[in-house]
$ cat query-v6.csv   # CSV, C-alpha atoms
chain,number,residue,atom,x,y,z
Z,112,MET,CA,-31.3,17.3,-8.5
Z,113,THR,CA,-33.4,15.3,-11.1
Z,114,SER,CA,-37.1,14.4,-11.2
Z,115,LEU,CA,-39.0,11.5,-12.7
Z,116,PRO,CA,-42.2,12.6,-14.4
Z,117,GLY,CA,-45.5,11.4,-13.0
Z,118,LYS,CA,-47.6,9.0,-15.0
Z,119,ALA,CA,-49.6,10.7,-17.7
Z,120,GLY,CA,-53.2,11.5,-16.7
Z,121,SER,CA,-52.6,10.3,-13.1
Z,122,GLY,CA,-52.4,13.8,-11.7
Z,123,MET,CA,-49.5,12.6,-9.6
Z,124,PRO,CA,-46.4,14.9,-9.3
Z,125,GLY,CA,-43.0,13.8,-10.4
Z,126,LEU,CA,-40.8,11.9,-7.9
Z,127,ASN,CA,-37.7,13.9,-6.8
Z,128,THR,CA,-34.9,11.2,-6.6
Z,129,GLY,CA,-31.7,13.2,-6.6
Z,130,VAL,CA,-28.5,12.0,-8.3
Z,131,SER,CA,-28.1,9.1,-5.8
Z,132,GLY,CA,-31.5,7.7,-7.0
Z,133,ASN,CA,-30.4,7.8,-10.7
Z,134,PRO,CA,-27.4,5.5,-11.4
Z,135,THR,CA,-27.4,6.5,-15.1
Z,136,LEU,CA,-27.0,10.2,-14.2
Z,137,GLN,CA,-24.4,9.3,-11.6
Z,138,LYS,CA,-22.3,7.7,-14.3
Z,139,GLU,CA,-22.7,10.6,-16.6
Z,140,LEU,CA,-21.6,13.0,-13.9
Z,141,GLY,CA,-18.5,10.9,-13.2
Z,142,GLY,CA,-19.4,10.4,-9.5
Z,143,PHE,CA,-21.7,11.9,-6.9
Z,144,CYS,CA,-18.8,13.3,-4.7
Z,145,GLU,CA,-16.1,15.7,-5.9
Z,146,GLY,CA,-13.0,16.0,-3.9
Z,147,ALA,CA,-13.2,12.7,-2.0
Z,148,MET,CA,-10.0,11.7,-0.3
Z,149,VAL,CA,-8.4,8.8,1.5
Z,150,GLY,CA,-7.9,9.0,5.3
Z,151,MET,CA,-6.4,6.4,7.6
Z,152,VAL,CA,-8.2,5.7,10.9
Z,153,GLU,CA,-5.9,6.7,13.7
Z,154,ARG,CA,-8.4,6.3,16.6
Z,155,VAL,CA,-12.0,5.5,17.2
Z,156,ASP,CA,-13.7,7.0,20.3
Z,157,GLY,CA,-17.3,6.6,21.6
Z,158,THR,CA,-19.9,3.9,20.9
Z,159,ALA,CA,-21.0,2.3,17.7
Z,160,LYS,CA,-24.1,4.5,17.6
Z,161,ASN,CA,-22.1,7.7,18.3
Z,162,GLN,CA,-18.5,7.3,17.5
Z,163,LYS,CA,-15.8,9.9,16.7
Z,164,VAL,CA,-13.3,8.8,14.1
Z,165,ILE,CA,-9.9,10.5,14.0
Z,166,LEU,CA,-8.4,10.2,10.5
Z,167,ARG,CA,-4.9,11.0,9.2
Z,168,MET,CA,-5.2,12.7,5.9
Z,169,GLY,CA,-1.5,13.0,4.9
Z,170,ALA,CA,1.2,14.1,7.2
Z,171,PRO,CA,1.1,12.7,10.8
Z,172,ASP,CA,-0.2,16.0,12.1
Z,173,ASP,CA,-2.8,16.4,9.4
Z,174,LEU,CA,-5.8,15.1,11.3
Z,175,LEU,CA,-9.6,15.2,10.6
Z,176,VAL,CA,-12.3,14.3,13.1
Z,177,VAL,CA,-15.5,12.7,11.7
Z,178,ASN,CA,-18.6,11.6,13.5
Z,179,SER,CA,-20.0,8.4,11.9
Z,180,THR,CA,-21.8,5.2,12.6
Z,181,PHE,CA,-19.9,3.3,9.9
Z,182,SER,CA,-17.9,0.3,11.1
Z,183,VAL,CA,-14.2,1.1,10.9
Z,184,ALA,CA,-11.0,0.0,12.7
Z,185,VAL,CA,-7.7,1.6,13.4
Z,186,GLY,CA,-5.4,1.2,10.4
Z,187,ASP,CA,-8.3,1.2,7.8
Z,188,CYS,CA,-7.9,3.6,4.8
Z,189,VAL,CA,-11.4,4.9,4.1
Z,190,ALA,CA,-13.1,7.3,1.7
Z,191,VAL,CA,-14.0,10.7,3.2
Z,192,ALA,CA,-15.5,13.9,2.1
Z,193,PRO,CA,-13.3,16.7,3.7
Z,194,PRO,CA,-14.6,20.3,4.1
Z,195,GLY,CA,-14.8,22.0,0.8
Z,196,SER,CA,-15.6,18.9,-1.2
Z,197,VAL,CA,-19.0,18.5,-2.9
Z,198,VAL,CA,-21.6,15.8,-2.3
Z,199,GLY,CA,-24.4,16.0,-4.7
Z,200,ASP,CA,-25.1,19.7,-5.1
Z,201,SER,CA,-23.9,20.7,-1.6
Z,202,VAL,CA,-20.5,21.9,-0.4
Z,203,VAL,CA,-19.4,19.8,2.6
Z,204,GLU,CA,-18.9,21.8,5.8
Z,205,GLN,CA,-18.6,18.9,8.3
Z,206,PRO,CA,-16.4,16.0,7.1
Z,207,ARG,CA,-18.1,12.7,6.6
Z,208,LEU,CA,-17.3,9.1,5.7
Z,209,LEU,CA,-18.6,8.0,2.3
Z,210,ASP,CA,-20.3,4.9,1.0
Z,211,GLU,CA,-20.5,3.7,-2.5
Z,212,VAL,CA,-23.8,5.4,-3.1
Z,213,LEU,CA,-22.4,8.9,-2.3
Z,214,LEU,CA,-19.3,8.1,-4.4
Z,215,GLY,CA,-21.6,7.3,-7.4
Z,216,TRP,CA,-20.1,3.9,-7.9
Z,217,THR,CA,-22.1,1.6,-10.1
Z,218,PRO,CA,-23.6,-0.9,-10.6
Z,219,ASN,CA,-25.3,-2.0,-7.3
Z,220,PRO,CA,-23.6,0.5,-4.9
Z,221,VAL,CA,-23.4,-0.6,-1.3
Z,222,ALA,CA,-25.0,1.9,1.1
Z,223,ASN,CA,-24.3,2.7,4.8
Z,224,CYS,CA,-20.9,1.0,4.8
Z,225,ALA,CA,-17.5,2.6,4.8
Z,226,VAL,CA,-15.5,2.3,1.6
Z,227,LYS,CA,-12.1,0.8,2.4
Z,228,LEU,CA,-9.2,1.4,0.1
Z,229,ASN,CA,-6.3,-0.2,1.8
Z,230,ASN,CA,-3.9,-0.1,-1.2
Z,231,LEU,CA,-4.0,3.7,-1.2
Z,232,VAL,CA,-2.3,6.1,1.3
Z,233,PRO,CA,-3.7,9.0,3.4
Z,234,GLY,CA,-4.2,12.1,1.2
Z,235,ASP,CA,-4.8,10.2,-2.1
Z,236,SER,CA,-7.8,11.0,-4.2
Z,237,VAL,CA,-10.6,8.4,-4.2
Z,238,PRO,CA,-11.1,6.7,-7.6
Z,239,SER,CA,-14.1,7.8,-9.6
Z,240,GLU,CA,-15.1,4.2,-10.2
Z,241,ARG,CA,-15.2,1.1,-8.0
Z,242,PRO,CA,-11.8,-0.7,-8.3
Z,243,GLU,CA,-12.0,-4.2,-9.8
Z,244,LYS,CA,-11.0,-7.1,-7.6
Z,245,GLU,CA,-8.0,-8.6,-9.4
Z,246,GLY,CA,-6.3,-10.9,-7.0
Z,247,VAL,CA,-3.6,-9.8,-4.5
Z,248,ASP,CA,-3.0,-6.5,-6.3
Z,249,SER,CA,-6.6,-5.3,-5.8
Z,250,LEU,CA,-7.2,-2.2,-3.7
Z,251,TYR,CA,-9.4,-4.4,-1.5
Z,252,ALA,CA,-6.8,-7.1,-1.0
Z,253,THR,CA,-3.6,-5.2,-0.2
Z,254,LYS,CA,-2.9,-3.3,3.0
Z,255,VAL,CA,-1.1,0.0,3.3
Z,256,LYS,CA,2.6,-0.8,4.0
Z,257,LEU,CA,3.3,0.5,7.5
Z,258,THR,CA,6.6,1.0,9.2
Z,259,LYS,CA,7.5,-1.0,12.3
Z,260,GLU,CA,6.9,2.1,14.4
Z,261,GLU,CA,3.5,2.7,12.9
Z,262,LYS,CA,2.4,-0.9,13.4
Z,263,SER,CA,3.5,-0.7,17.1
Z,264,ALA,CA,1.6,2.6,17.5
Z,265,ILE,CA,-1.6,1.1,16.0
Z,266,LYS,CA,-1.2,-2.0,18.2
Z,267,ALA,CA,-0.8,0.2,21.3
Z,268,GLU,CA,-3.7,2.4,20.4
Z,269,LYS,CA,-6.0,-0.6,19.9
Z,270,ALA,CA,-5.0,-1.9,23.4
Z,271,LYS,CA,-5.6,1.6,24.8
Z,272,GLN,CA,-9.1,1.8,23.3
Z,273,LYS,CA,-9.9,-1.7,24.6
Z,274,ALA,CA,-8.8,-0.7,28.1
Z,275,ILE,CA,-10.8,2.5,28.0
Z,276,GLN,CA,-14.0,0.7,27.0
Z,277,ALA,CA,-13.3,-1.8,29.8
Z,278,GLY,CA,-12.7,1.1,32.3
Z,279,THR,CA,-9.2,-0.1,33.2
Z,280,TRP,CA,-7.1,2.5,31.3
Z,281,VAL,CA,-4.7,4.5,33.5
Z,282,GLU,CA,-2.8,7.3,31.8
Z,283,LYS,CA,1.0,6.9,32.3
Z,284,GLU,CA,3.7,9.4,32.1
Z,285,THR,CA,6.0,9.0,29.1
Z,286,GLU,CA,9.3,7.4,30.0
Z,287,LEU,CA,12.3,8.7,28.1
Z,288,THR,CA,15.0,6.3,27.0
Z,289,THR,CA,18.7,7.2,27.6
Z,290,ALA,CA,20.3,8.5,24.4
Z,291,SER,CA,23.6,7.2,23.1
Z,292,LYS,CA,26.6,9.5,22.7
Z,293,LYS,CA,26.0,9.5,19.0
Z,294,ASP,CA,22.3,10.5,19.4
Z,295,ILE,CA,23.3,13.3,21.8
Z,296,LYS,CA,25.9,14.6,19.3
Z,297,ALA,CA,23.3,14.5,16.5
Z,298,ALA,CA,20.8,16.3,18.7
Z,299,ARG,CA,23.2,19.1,19.5
Z,300,GLY,CA,23.7,19.6,15.7
Z,301,ARG,CA,20.0,19.7,15.1
Z,302,ALA,CA,19.4,22.1,18.0
Z,303,LYS,CA,22.1,24.4,16.7
Z,304,LYS,CA,20.6,24.4,13.2
Z,305,ARG,CA,17.1,25.2,14.6
Z,306,ARG,CA,18.5,28.1,16.7
Z,307,GLU,CA,20.2,29.5,13.5
Z,308,GLU,CA,16.8,29.2,11.8
Z,309,GLY,CA,15.2,31.4,14.5
Z,310,GLU,CA,14.0,29.0,17.3
Z,311,ASP,CA,15.4,30.7,20.4
Z,312,ASP,CA,13.9,28.3,23.0
Z,313,ILE,CA,15.5,25.1,21.5
Z,314,ASP,CA,18.4,23.3,23.1
Z,315,THR,CA,19.9,19.8,23.1
Z,316,ASP,CA,17.7,18.5,26.0
Z,317,ARG,CA,14.5,19.6,24.3
Z,318,GLU,CA,15.6,18.2,20.9
Z,319,LEU,CA,16.3,14.8,22.6
Z,320,GLU,CA,13.0,15.0,24.5
Z,321,GLU,CA,11.0,15.5,21.3
Z,322,ALA,CA,12.6,12.3,20.0
Z,323,GLY,CA,11.6,10.4,23.2
Z,324,THR,CA,15.1,10.3,24.7
Z,325,SER,CA,17.2,11.9,27.4
Z,326,GLN,CA,20.9,12.5,28.2
Z,327,TYR,CA,20.4,11.1,31.7

$ encode --input "query-v6.csv" --output "structure tokens"
Amino acid sequence: MTSLPGKAGSGMPGLNTGVSGNPTLQKELGGFCEGAMVGMVERVDGTAKNQKVILRMGAPDDLLVVNSTFSVAVGDCVAVAPPGSVVGDSVVEQPRLLDEVLLGWTPNPVANCAVKLNNLVPGDSVPSERPEKEGVDSLYATKVKLTKEEKSAIKAEKAKQKAIQAGTWVEKETELTTASKKDIKAARGRAKKRREEGEDDIDTDRELEEAGTSQY
């Protein structure tokens, strides 16, 4: 923390501003947050005033839940302080989304607004300085390249969230598609390999089911 001295002879104490209130000190420290990472929004639950944001931080099963009032949408890549990172002089215990003030970006940092870095991928480190807007190659202008399956999953999740908010969502059982002979043969090989690696409860049917298919 840093303090501004009171006016001489005024008898007034110094003003405690912290790093966020001193852009010069922010720049010298190389940012207000250490360990900030990029997370991609997988789902947003709740209302705008009390929403729960589910973020993918790397692998599909590497998820982080953040409570935030920042406006975000499924598919956004945003700056987040994961547990163990440092904001100011405090170690983060509960993950939080970051704005430009907390990141120490200067000049004129934007407060209370999620930092979106759509040219980076989940798990990347957040830049220590605000990226410059340089046409279509800018971090602000380019979206993360998603696979066809990921785009379909995001579209389905958006539709689901809209239906939940409207009160019309009905949970459906997952329907398995019939696997081809080639897929069944490949599944047998994968199941055999997994059994050799020590998975006793794996068989061809389960291997196919995990892939969303069935022999029948």

$ residues_around --input "query-v6.csv" --residues "Ala147 (chain Z)" --least-positions-apart "2" --cutoff "7 Å" --atoms "all atoms listed in the file" --output "MDAnalysis selection string"
chainID Z and resid 144:145 190:193 196 236:237

$ closest_residue --input "query-v6.csv" --among "Z:Lys262, Z:Lys303, Z:Arg207, Z:Arg167" --to "Asp316 (chain Z)" --atoms "all atoms listed in the file"
Z:Lys303

$ residues_near_point --input "query-v6.csv" --point "(-6.5, -0.3, 19.2)" --cutoff "12 Å" --atoms "all atoms listed in the file" --output "mmCIF file with C-alpha atoms, in the coordinates of the input"
data_model
loop_
_atom_site.group_PDB
_atom_site.id
_atom_site.type_symbol
_atom_site.label_atom_id
_atom_site.label_comp_id
_atom_site.auth_asym_id
_atom_site.auth_seq_id
_atom_site.Cartn_x
_atom_site.Cartn_y
_atom_site.Cartn_z
ATOM 1 C CA VAL Z 152 -8.200 5.700 10.900
ATOM 2 C CA GLU Z 153 -5.900 6.700 13.700
ATOM 3 C CA ARG Z 154 -8.400 6.300 16.600
ATOM 4 C CA VAL Z 155 -12.000 5.500 17.200
ATOM 5 C CA ASP Z 156 -13.700 7.000 20.300
ATOM 6 C CA VAL Z 183 -14.200 1.100 10.900
ATOM 7 C CA ALA Z 184 -11.000 0.000 12.700
ATOM 8 C CA VAL Z 185 -7.700 1.600 13.400
ATOM 9 C CA GLY Z 186 -5.400 1.200 10.400
ATOM 10 C CA ASP Z 187 -8.300 1.200 7.800
ATOM 11 C CA LYS Z 262 2.400 -0.900 13.400
ATOM 12 C CA SER Z 263 3.500 -0.700 17.100
ATOM 13 C CA ALA Z 264 1.600 2.600 17.500
ATOM 14 C CA ILE Z 265 -1.600 1.100 16.000
ATOM 15 C CA LYS Z 266 -1.200 -2.000 18.200
ATOM 16 C CA ALA Z 267 -0.800 0.200 21.300
ATOM 17 C CA GLU Z 268 -3.700 2.400 20.400
ATOM 18 C CA LYS Z 269 -6.000 -0.600 19.900
ATOM 19 C CA ALA Z 270 -5.000 -1.900 23.400
ATOM 20 C CA LYS Z 271 -5.600 1.600 24.800
ATOM 21 C CA GLN Z 272 -9.100 1.800 23.300
ATOM 22 C CA LYS Z 273 -9.900 -1.700 24.600
ATOM 23 C CA ALA Z 274 -8.800 -0.700 28.100
ATOM 24 C CA ILE Z 275 -10.800 2.500 28.000
ATOM 25 C CA GLN Z 276 -14.000 0.700 27.000
#

$ closest_residue --input "query-v6.csv" --among "Z:Glu211, Z:Asp312, Z:Asp235, Z:Glu318" --to "Gly300 (chain Z)" --atoms "all atoms listed in the file"
Z:Glu318

$ closest_residue --input "query-v6.csv" --among "Z:Gly309, Z:Pro194, Z:Gly199, Z:Pro242" --to "Phe143 (chain Z)" --atoms "only C-alpha atoms"
Z:Gly199

$ residues_around --input "query-v6.csv" --residues "Leu166 (chain Z)" --least-positions-apart "5" --cutoff "7 Å" --atoms "all atoms listed in the file" --output "VMD selection string"
chain Z and resid 150 to 153 174 to 176

$ residues_around --input "query-v6.csv" --residues "Val221 (chain Z)" --least-positions-apart "2" --cutoff "8 Å" --atoms "all atoms listed in the file" --output "MDAnalysis selection string"
chainID Z and resid 210:212 219 223:224

$ residues_around --input "query-v6.csv" --residues "Lys292 (chain Z)" --least-positions-apart "4" --cutoff "9 Å" --atoms "all atoms listed in the file" --output "ChimeraX atom specification"
/Z:296-297,326
